[in-house]
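A.B. asks: query_25.cif is reproduced below (mmCIF, N, CA and C atoms; chains and numbers go by the auth columns).
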data_input
loop_
_atom_site.group_PDB
_atom_site.id
_atom_site.type_symbol
_atom_site.label_atom_id
_atom_site.label_comp_id
_atom_site.label_asym_id
_atom_site.label_seq_id
_atom_site.Cartn_x
_atom_site.Cartn_y
_atom_site.Cartn_z
_atom_site.B_iso_or_equiv
_atom_site.auth_seq_id
_atom_site.auth_asym_id
ATOM 1 N N MET A 1 6.317 -4.801 12.389 0.00 299 A
ATOM 2 C CA MET A 1 6.411 -4.459 10.989 0.00 299 A
ATOM 3 C C MET A 1 5.542 -3.234 10.710 0.00 299 A
ATOM 4 N N ASN A 2 6.040 -2.349 9.880 0.00 300 A
ATOM 5 C CA ASN A 2 5.335 -1.129 9.529 0.00 300 A
ATOM 6 C C ASN A 2 4.457 -1.371 8.308 0.00 300 A
ATOM 7 N N TYR A 3 3.142 -1.478 8.512 0.00 301 A
ATOM 8 C CA TYR A 3 2.219 -1.750 7.415 0.00 301 A
ATOM 9 C C TYR A 3 1.709 -0.484 6.749 0.00 301 A
ATOM 10 N N THR A 4 2.213 0.672 7.132 0.00 302 A
ATOM 11 C CA THR A 4 1.760 1.925 6.525 0.00 302 A
ATOM 12 C C THR A 4 2.464 2.199 5.204 0.00 302 A
ATOM 13 N N ASN A 5 3.378 1.335 4.798 0.00 303 A
ATOM 14 C CA ASN A 5 4.187 1.551 3.612 0.00 303 A
ATOM 15 C C ASN A 5 3.671 0.771 2.402 0.00 303 A
ATOM 16 N N ILE A 6 2.407 0.341 2.406 0.00 304 A
ATOM 17 C CA ILE A 6 1.865 -0.438 1.303 0.00 304 A
ATOM 18 C C ILE A 6 1.551 0.490 0.133 0.00 304 A
ATOM 19 N N GLY A 7 1.939 0.081 -1.062 0.00 305 A
ATOM 20 C CA GLY A 7 1.669 0.873 -2.254 0.00 305 A
ATOM 21 C C GLY A 7 1.577 -0.008 -3.477 0.00 305 A
ATOM 22 N N PHE A 8 1.242 0.584 -4.615 0.00 306 A
ATOM 23 C CA PHE A 8 1.105 -0.151 -5.865 0.00 306 A
ATOM 24 C C PHE A 8 2.466 -0.365 -6.527 0.00 306 A
ATOM 25 N N CYS A 9 2.612 -1.506 -7.181 0.00 307 A
ATOM 26 C CA CYS A 9 3.868 -1.847 -7.860 0.00 307 A
ATOM 27 C C CYS A 9 4.225 -0.837 -8.948 0.00 307 A
ATOM 28 N N SER A 10 3.243 -0.230 -9.575 0.00 308 A
ATOM 29 C CA SER A 10 3.525 0.752 -10.627 0.00 308 A
ATOM 30 C C SER A 10 4.329 1.933 -10.105 0.00 308 A
ATOM 31 N N GLU A 11 4.302 2.153 -8.789 0.00 309 A
ATOM 32 C CA GLU A 11 5.008 3.272 -8.174 0.00 309 A
ATOM 33 C C GLU A 11 6.205 2.814 -7.340 0.00 309 A
ATOM 34 N N CYS A 12 6.558 1.528 -7.432 0.00 310 A
ATOM 35 C CA CYS A 12 7.597 0.958 -6.573 0.00 310 A
ATOM 36 C C CYS A 12 8.942 0.886 -7.293 0.00 310 A
ATOM 37 N N GLN A 13 10.009 1.154 -6.565 0.00 311 A
ATOM 38 C CA GLN A 13 11.354 1.118 -7.140 0.00 311 A
ATOM 39 C C GLN A 13 11.790 -0.287 -7.521 0.00 311 A
ATOM 40 N N TYR A 14 11.164 -1.317 -6.967 0.00 312 A
ATOM 41 C CA TYR A 14 11.569 -2.690 -7.248 0.00 312 A
ATOM 42 C C TYR A 14 10.981 -3.246 -8.545 0.00 312 A
ATOM 43 N N ARG A 15 9.979 -2.589 -9.130 0.00 313 A
ATOM 44 C CA ARG A 15 9.379 -3.061 -10.388 0.00 313 A
ATOM 45 C C ARG A 15 10.180 -2.484 -11.549 0.00 313 A
ATOM 46 N N ASP A 16 10.785 -3.382 -12.358 0.00 314 A
ATOM 47 C CA ASP A 16 11.600 -2.908 -13.477 0.00 314 A
ATOM 48 C C ASP A 16 10.734 -2.581 -14.698 0.00 314 A
ATOM 49 N N ILE A 17 11.343 -2.146 -15.774 0.00 315 A
ATOM 50 C CA ILE A 17 10.579 -1.689 -16.940 0.00 315 A
ATOM 51 C C ILE A 17 9.831 -2.827 -17.637 0.00 315 A
ATOM 52 N N THR A 18 10.221 -4.082 -17.378 0.00 316 A
ATOM 53 C CA THR A 18 9.493 -5.221 -17.948 0.00 316 A
ATOM 54 C C THR A 18 8.352 -5.681 -17.045 0.00 316 A
ATOM 55 N N GLY A 19 8.229 -5.075 -15.851 0.00 317 A
ATOM 56 C CA GLY A 19 7.165 -5.434 -14.919 0.00 317 A
ATOM 57 C C GLY A 19 7.557 -6.482 -13.900 0.00 317 A
ATOM 58 N N HIS A 20 8.820 -6.862 -13.858 0.00 318 A
ATOM 59 C CA HIS A 20 9.287 -7.870 -12.908 0.00 318 A
ATOM 60 C C HIS A 20 9.748 -7.213 -11.607 0.00 318 A
ATOM 61 N N CYS A 21 9.389 -7.849 -10.501 0.00 319 A
ATOM 62 C CA CYS A 21 9.809 -7.356 -9.191 0.00 319 A
ATOM 63 C C CYS A 21 11.244 -7.777 -8.917 0.00 319 A
ATOM 64 N N GLN A 22 12.077 -6.823 -8.547 0.00 320 A
ATOM 65 C CA GLN A 22 13.483 -7.073 -8.264 0.00 320 A
ATOM 66 C C GLN A 22 13.798 -7.028 -6.766 0.00 320 A
ATOM 67 N N SER A 23 12.764 -7.056 -5.926 0.00 321 A
ATOM 68 C CA SER A 23 12.975 -7.018 -4.483 0.00 321 A
ATOM 69 C C SER A 23 13.717 -8.267 -4.013 0.00 321 A
ATOM 70 N N LYS A 24 14.601 -8.093 -3.062 0.00 322 A
ATOM 71 C CA LYS A 24 15.325 -9.216 -2.469 0.00 322 A
ATOM 72 C C LYS A 24 14.411 -10.070 -1.586 0.00 322 A
ATOM 73 N N LYS A 25 13.179 -9.618 -1.378 0.00 323 A
ATOM 74 C CA LYS A 25 12.211 -10.367 -0.573 0.00 323 A
ATOM 75 C C LYS A 25 11.515 -11.450 -1.388 0.00 323 A
ATOM 76 N N LEU A 26 11.728 -11.504 -2.705 0.00 324 A
ATOM 77 C CA LEU A 26 11.220 -12.558 -3.579 0.00 324 A
ATOM 78 C C LEU A 26 12.430 -13.298 -4.120 0.00 324 A
ATOM 79 N N ASP A 27 12.518 -14.588 -3.849 0.00 325 A
ATOM 80 C CA ASP A 27 13.732 -15.304 -4.214 0.00 325 A
ATOM 81 C C ASP A 27 13.466 -16.795 -4.296 0.00 325 A
ATOM 82 N N GLU A 28 14.453 -17.515 -4.808 0.00 326 A
ATOM 83 C CA GLU A 28 14.426 -18.970 -4.785 0.00 326 A
ATOM 84 C C GLU A 28 14.674 -19.430 -3.354 0.00 326 A
ATOM 85 N N ASP A 29 14.098 -20.556 -2.986 0.00 327 A
ATOM 86 C CA ASP A 29 14.314 -21.105 -1.643 0.00 327 A
ATOM 87 C C ASP A 29 15.630 -21.869 -1.646 0.00 327 A
ATOM 88 N N ILE A 30 16.684 -21.167 -1.262 0.00 328 A
ATOM 89 C CA ILE A 30 18.023 -21.754 -1.316 0.00 328 A
ATOM 90 C C ILE A 30 18.597 -21.969 0.084 0.00 328 A
ATOM 91 N N GLY A 31 17.729 -22.275 1.036 0.00 329 A
ATOM 92 C CA GLY A 31 18.207 -22.605 2.375 0.00 329 A
ATOM 93 C C GLY A 31 18.208 -21.451 3.355 0.00 329 A
ATOM 94 N N TYR A 32 17.356 -20.464 3.137 0.00 330 A
ATOM 95 C CA TYR A 32 17.250 -19.369 4.107 0.00 330 A
ATOM 96 C C TYR A 32 16.771 -19.925 5.448 0.00 330 A
ATOM 97 N N ASN A 33 17.206 -19.314 6.546 0.00 331 A
ATOM 98 C CA ASN A 33 16.715 -19.763 7.839 0.00 331 A
ATOM 99 C C ASN A 33 15.292 -19.242 8.051 0.00 331 A
ATOM 100 N N ASN A 34 14.590 -19.832 9.001 0.00 332 A
ATOM 101 C CA ASN A 34 13.173 -19.526 9.208 0.00 332 A
ATOM 102 C C ASN A 34 12.915 -18.083 9.596 0.00 332 A
ATOM 103 N N ASP A 35 13.832 -17.443 10.309 0.00 333 A
ATOM 104 C CA ASP A 35 13.634 -16.050 10.692 0.00 333 A
ATOM 105 C C ASP A 35 13.552 -15.150 9.461 0.00 333 A
ATOM 106 N N ILE A 36 14.357 -15.428 8.466 0.00 334 A
ATOM 107 C CA ILE A 36 14.338 -14.645 7.229 0.00 334 A
ATOM 108 C C ILE A 36 13.138 -15.022 6.379 0.00 334 A
ATOM 109 N N LYS A 37 12.805 -16.309 6.319 0.00 335 A
ATOM 110 C CA LYS A 37 11.683 -16.787 5.509 0.00 335 A
ATOM 111 C C LYS A 37 10.358 -16.167 5.921 0.00 335 A
ATOM 112 N N ASP A 38 10.214 -15.827 7.184 0.00 336 A
ATOM 113 C CA ASP A 38 8.961 -15.264 7.675 0.00 336 A
ATOM 114 C C ASP A 38 8.591 -13.960 6.978 0.00 336 A
ATOM 115 N N ASN A 39 9.551 -13.319 6.325 0.00 337 A
ATOM 116 C CA ASN A 39 9.336 -12.005 5.720 0.00 337 A
ATOM 117 C C ASN A 39 9.624 -12.030 4.213 0.00 337 A
ATOM 118 N N MET A 40 9.460 -13.216 3.580 0.00 338 A
ATOM 119 C CA MET A 40 9.799 -13.351 2.165 0.00 338 A
ATOM 120 C C MET A 40 8.732 -14.152 1.415 0.00 338 A
ATOM 121 N N LEU A 41 8.775 -14.049 0.086 0.00 339 A
ATOM 122 C CA LEU A 41 8.012 -14.922 -0.793 0.00 339 A
ATOM 123 C C LEU A 41 9.037 -15.749 -1.553 0.00 339 A
ATOM 124 N N LEU A 42 9.033 -17.047 -1.296 0.00 340 A
ATOM 125 C CA LEU A 42 10.041 -17.932 -1.878 0.00 340 A
ATOM 126 C C LEU A 42 9.387 -18.922 -2.834 0.00 340 A
ATOM 127 N N TYR A 43 10.084 -19.223 -3.919 0.00 341 A
ATOM 128 C CA TYR A 43 9.590 -20.258 -4.827 0.00 341 A
ATOM 129 C C TYR A 43 10.535 -21.444 -4.772 0.00 341 A
ATOM 130 N N ASP A 44 9.953 -22.638 -4.937 0.00 342 A
ATOM 131 C CA ASP A 44 10.673 -23.890 -4.716 0.00 342 A
ATOM 132 C C ASP A 44 11.631 -24.277 -5.836 0.00 342 A
ATOM 133 N N TYR A 45 11.459 -23.767 -7.000 0.00 343 A
ATOM 134 C CA TYR A 45 12.306 -24.185 -8.108 0.00 343 A
ATOM 135 C C TYR A 45 13.495 -23.241 -8.270 0.00 343 A
ATOM 136 N N THR A 46 14.539 -23.727 -8.893 0.00 344 A
ATOM 137 C CA THR A 46 15.744 -22.918 -9.083 0.00 344 A
ATOM 138 C C THR A 46 16.072 -22.845 -10.570 0.00 344 A
ATOM 139 N N GLU A 47 15.174 -22.279 -11.331 0.00 345 A
ATOM 140 C CA GLU A 47 15.345 -22.183 -12.777 0.00 345 A
ATOM 141 C C GLU A 47 15.618 -20.758 -13.239 0.00 345 A
ATOM 142 N N GLY A 48 15.920 -19.878 -12.316 0.00 346 A
ATOM 143 C CA GLY A 48 16.204 -18.497 -12.696 0.00 346 A
ATOM 144 C C GLY A 48 14.969 -17.712 -13.081 0.00 346 A
ATOM 145 N N GLY A 49 13.822 -18.119 -12.593 0.00 347 A
ATOM 146 C CA GLY A 49 12.573 -17.428 -12.898 0.00 347 A
ATOM 147 C C GLY A 49 12.457 -16.120 -12.147 0.00 347 A
ATOM 148 N N GLY A 50 11.357 -15.446 -12.344 0.00 348 A
ATOM 149 C CA GLY A 50 11.112 -14.190 -11.662 0.00 348 A
ATOM 150 C C GLY A 50 9.621 -13.971 -11.499 0.00 348 A
ATOM 151 N N PHE A 51 9.264 -12.907 -10.835 0.00 349 A
ATOM 152 C CA PHE A 51 7.867 -12.572 -10.606 0.00 349 A
ATOM 153 C C PHE A 51 7.486 -11.339 -11.414 0.00 349 A
ATOM 154 N N TRP A 52 6.572 -11.514 -12.356 0.00 350 A
ATOM 155 C CA TRP A 52 5.985 -10.368 -13.038 0.00 350 A
ATOM 156 C C TRP A 52 4.853 -9.904 -12.153 0.00 350 A
ATOM 157 N N VAL A 53 4.817 -8.606 -11.859 0.00 351 A
ATOM 158 C CA VAL A 53 3.779 -8.055 -10.989 0.00 351 A
ATOM 159 C C VAL A 53 2.994 -6.990 -11.749 0.00 351 A
ATOM 160 N N GLY A 54 1.696 -7.055 -11.651 0.00 352 A
ATOM 161 C CA GLY A 54 0.845 -6.078 -12.301 0.00 352 A
ATOM 162 C C GLY A 54 0.984 -4.707 -11.660 0.00 352 A
ATOM 163 N N PRO A 55 0.660 -3.652 -12.392 0.00 353 A
ATOM 164 C CA PRO A 55 0.820 -2.298 -11.867 0.00 353 A
ATOM 165 C C PRO A 55 -0.058 -2.010 -10.655 0.00 353 A
ATOM 166 N N HIS A 56 -1.146 -2.755 -10.487 0.00 354 A
ATOM 167 C CA HIS A 56 -2.042 -2.510 -9.360 0.00 354 A
ATOM 168 C C HIS A 56 -1.873 -3.525 -8.247 0.00 354 A
ATOM 169 N N PHE A 57 -0.846 -4.383 -8.371 0.00 355 A
ATOM 170 C CA PHE A 57 -0.484 -5.289 -7.281 0.00 355 A
ATOM 171 C C PHE A 57 0.333 -4.478 -6.284 0.00 355 A
ATOM 172 N N GLY A 58 0.450 -4.919 -5.063 0.00 356 A
ATOM 173 C CA GLY A 58 1.248 -4.213 -4.070 0.00 356 A
ATOM 174 C C GLY A 58 1.595 -5.112 -2.908 0.00 356 A
ATOM 175 N N CYS A 59 2.541 -4.664 -2.087 0.00 357 A
ATOM 176 C CA CYS A 59 2.925 -5.458 -0.925 0.00 357 A
ATOM 177 C C CYS A 59 3.513 -4.551 0.158 0.00 357 A
ATOM 178 N N ILE A 60 3.829 -5.157 1.286 0.00 358 A
ATOM 179 C CA ILE A 60 4.338 -4.386 2.425 0.00 358 A
ATOM 180 C C ILE A 60 5.794 -3.986 2.268 0.00 358 A
ATOM 181 N N HIS A 61 6.470 -4.486 1.234 0.00 359 A
ATOM 182 C CA HIS A 61 7.870 -4.120 0.997 0.00 359 A
ATOM 183 C C HIS A 61 7.996 -2.992 -0.019 0.00 359 A
ATOM 184 N N PHE A 62 6.891 -2.358 -0.337 0.00 360 A
ATOM 185 C CA PHE A 62 6.832 -1.245 -1.281 0.00 360 A
ATOM 186 C C PHE A 62 7.791 -0.119 -0.884 0.00 360 A
ATOM 187 N N THR A 63 8.498 0.389 -1.866 0.00 361 A
ATOM 188 C CA THR A 63 9.356 1.561 -1.679 0.00 361 A
ATOM 189 C C THR A 63 9.175 2.463 -2.898 0.00 361 A
ATOM 190 N N HIS A 64 8.803 3.712 -2.660 0.00 362 A
ATOM 191 C CA HIS A 64 8.579 4.657 -3.764 0.00 362 A
ATOM 192 C C HIS A 64 9.792 4.790 -4.669 0.00 362 A
ATOM 193 N N LYS A 65 9.527 4.934 -5.969 0.00 363 A
ATOM 194 C CA LYS A 65 10.603 5.216 -6.918 0.00 363 A
ATOM 195 C C LYS A 65 11.228 6.555 -6.558 0.00 363 A
ATOM 196 N N THR A 66 12.521 6.660 -6.758 0.00 364 A
ATOM 197 C CA THR A 66 13.197 7.923 -6.458 0.00 364 A
ATOM 198 C C THR A 66 13.448 8.724 -7.703 0.00 364 A
#
Using structure tokens, write down the structure that the file contains.
C.D. replies:
Amino acid sequence: MNYTNIGFCSECQYRDITGHCQSKKLDEDIGYNNDIKDNMLLYDYTEGGGFWVGPHFGCIHFTHKT
């Protein structure tokens, strides 16, 4: 895994205008296999929730806004 791509959410293409992360790496746990789970943040409930991320939060799935 390339860890040189870490950046702040305020500069990431996955953070929408409401501050929610839209990355496919954050999702409900709907039966993904373990190989995929190793690279994701999954939540146990299926209520259509989302992750609000602060502007100074960051992760290894960061991608600069275009």
A.B. asks: Rank A:Glu309, A:Gly356, A:Asn303, A:Phe349 by their smallest atom-to-atom distance to Leu324 of chain A, using only C-alpha atoms, and report the top residue only.
C.D. replies: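 Selected residue with least distance to Leu324 of chain A: A:Phe349.
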A.B. asks: So which residues touch Cys357 of chain A within 8 Å, counting only N, CA and C atoms, skipping near sequence neighbours fewer than 2 positions away, as a CSV table (one decimal) with N, CA and C atoms, keeping the file's coordinate frame?
C.D. replies:
chain,number,residue,atom,x,y,z
A,301,TYR,N,3.1,-1.5,8.5
A,301,TYR,CA,2.2,-1.8,7.4
A,301,TYR,C,1.7,-0.5,6.7
A,303,ASN,N,3.4,1.3,4.8
A,303,ASN,CA,4.2,1.6,3.6
A,303,ASN,C,3.7,0.8,2.4
A,304,ILE,N,2.4,0.3,2.4
A,304,ILE,CA,1.9,-0.4,1.3
A,304,ILE,C,1.6,0.5,0.1
A,305,GLY,N,1.9,0.1,-1.1
A,305,GLY,CA,1.7,0.9,-2.3
A,305,GLY,C,1.6,0.0,-3.5
A,306,PHE,N,1.2,0.6,-4.6
A,306,PHE,CA,1.1,-0.2,-5.9
A,306,PHE,C,2.5,-0.4,-6.5
A,307,CYS,N,2.6,-1.5,-7.2
A,307,CYS,CA,3.9,-1.8,-7.9
A,307,CYS,C,4.2,-0.8,-8.9
A,354,HIS,N,-1.1,-2.8,-10.5
A,354,HIS,CA,-2.0,-2.5,-9.4
A,354,HIS,C,-1.9,-3.5,-8.2
A,355,PHE,N,-0.8,-4.4,-8.4
A,355,PHE,CA,-0.5,-5.3,-7.3
A,355,PHE,C,0.3,-4.5,-6.3
A,359,HIS,N,6.5,-4.5,1.2
A,359,HIS,CA,7.9,-4.1,1.0
A,359,HIS,C,8.0,-3.0,0.0
A,360,PHE,N,6.9,-2.4,-0.3
A,360,PHE,CA,6.8,-1.2,-1.3
A,360,PHE,C,7.8,-0.1,-0.9
A,361,THR,N,8.5,0.4,-1.9
A,361,THR,CA,9.4,1.6,-1.7
A,361,THR,C,9.2,2.5,-2.9
A.B. asks: Using only N, CA and C atoms, find the one residue out of A:Thr364, A:Arg313, A:Asp325, A:Gly352 that sits nearest to Met338 of chain A.
C.D. replies: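 So, comparing all the options, the nearest one is A:Asp325.
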A.B. asks: Smallest atom-to-atom distance to Gly347 of chain A: which of A:His362, A:Thr316, A:Ser308, A:Glu326, using all atoms listed in the file?
C.D. replies: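 Of the candidates, the smallest distance to Gly347 of chain A is held by A:Glu326.
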A.B. asks: May I have the residues within 10 Å of Ile328 of chain A as a count of residues only, using only C-alpha atoms and disregarding those fewer than 2 positions away in the same chain?
C.D. replies: 9
A.B. asks: Atom CA of Gly317 of chain A and atom CA of Trp350 of chain A, how far apart in Å?
C.D. replies: 5.4 Å
A.B. asks: From the list A:Gly346, A:Asn337, A:Asn332, A:Val351, which residue is nearest Cys319 of chain A when using only C-alpha atoms?
C.D. replies: A:Val351
A.B. asks: What is the atom CA of Asp327 of chain A to atom CA of Leu339 of chain A distance in Å?
C.D. replies: 8.9 Å
A.B. asks: Give me every alpha helix (DSSP H) residue in chain A, going by DSSP on the backbone, as a list in words.
C.D. replies: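 Matching residues for alpha helix (DSSP H) in chain A are Asn332, Asp333, Ile334 and Lys335 of chain A.
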A.B. asks: Figure out the distance between atom N of Gln320 of chain A and atom N of Pro353 of chain A, please, to one decimal in Å.
C.D. replies: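 Distance between the two atoms: 12.5 Å.
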A.B. asks: Once you add 5 Å to each side, what are the centre and edge lengths of the axis-aligned box holding all listed atoms of segment 340-357 of chain A? One decimal in Å, as AutoDock Vina command-line options, if you can.
C.D. replies:
--center_x 7.1 --center_y -13.1 --center_z -6.5 --size_x 28.2 --size_y 32.3 --size_z 23.4
A.B. asks: Output as a PyMOL selection string all residues of chain A that backbone DSSP marks as strand (DSSP E or B).
C.D. replies: chain A and resi 305-306+310+313+318-319+324-326+339-341+350+356-357+362
A.B. asks: Between A:Lys363, A:His318, A:Asp333, A:Cys310, which one has atoms that come closest to Gly348 of chain A, using only N, CA and C atoms?
C.D. replies: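 So, comparing all the options, the nearest one is A:His318.
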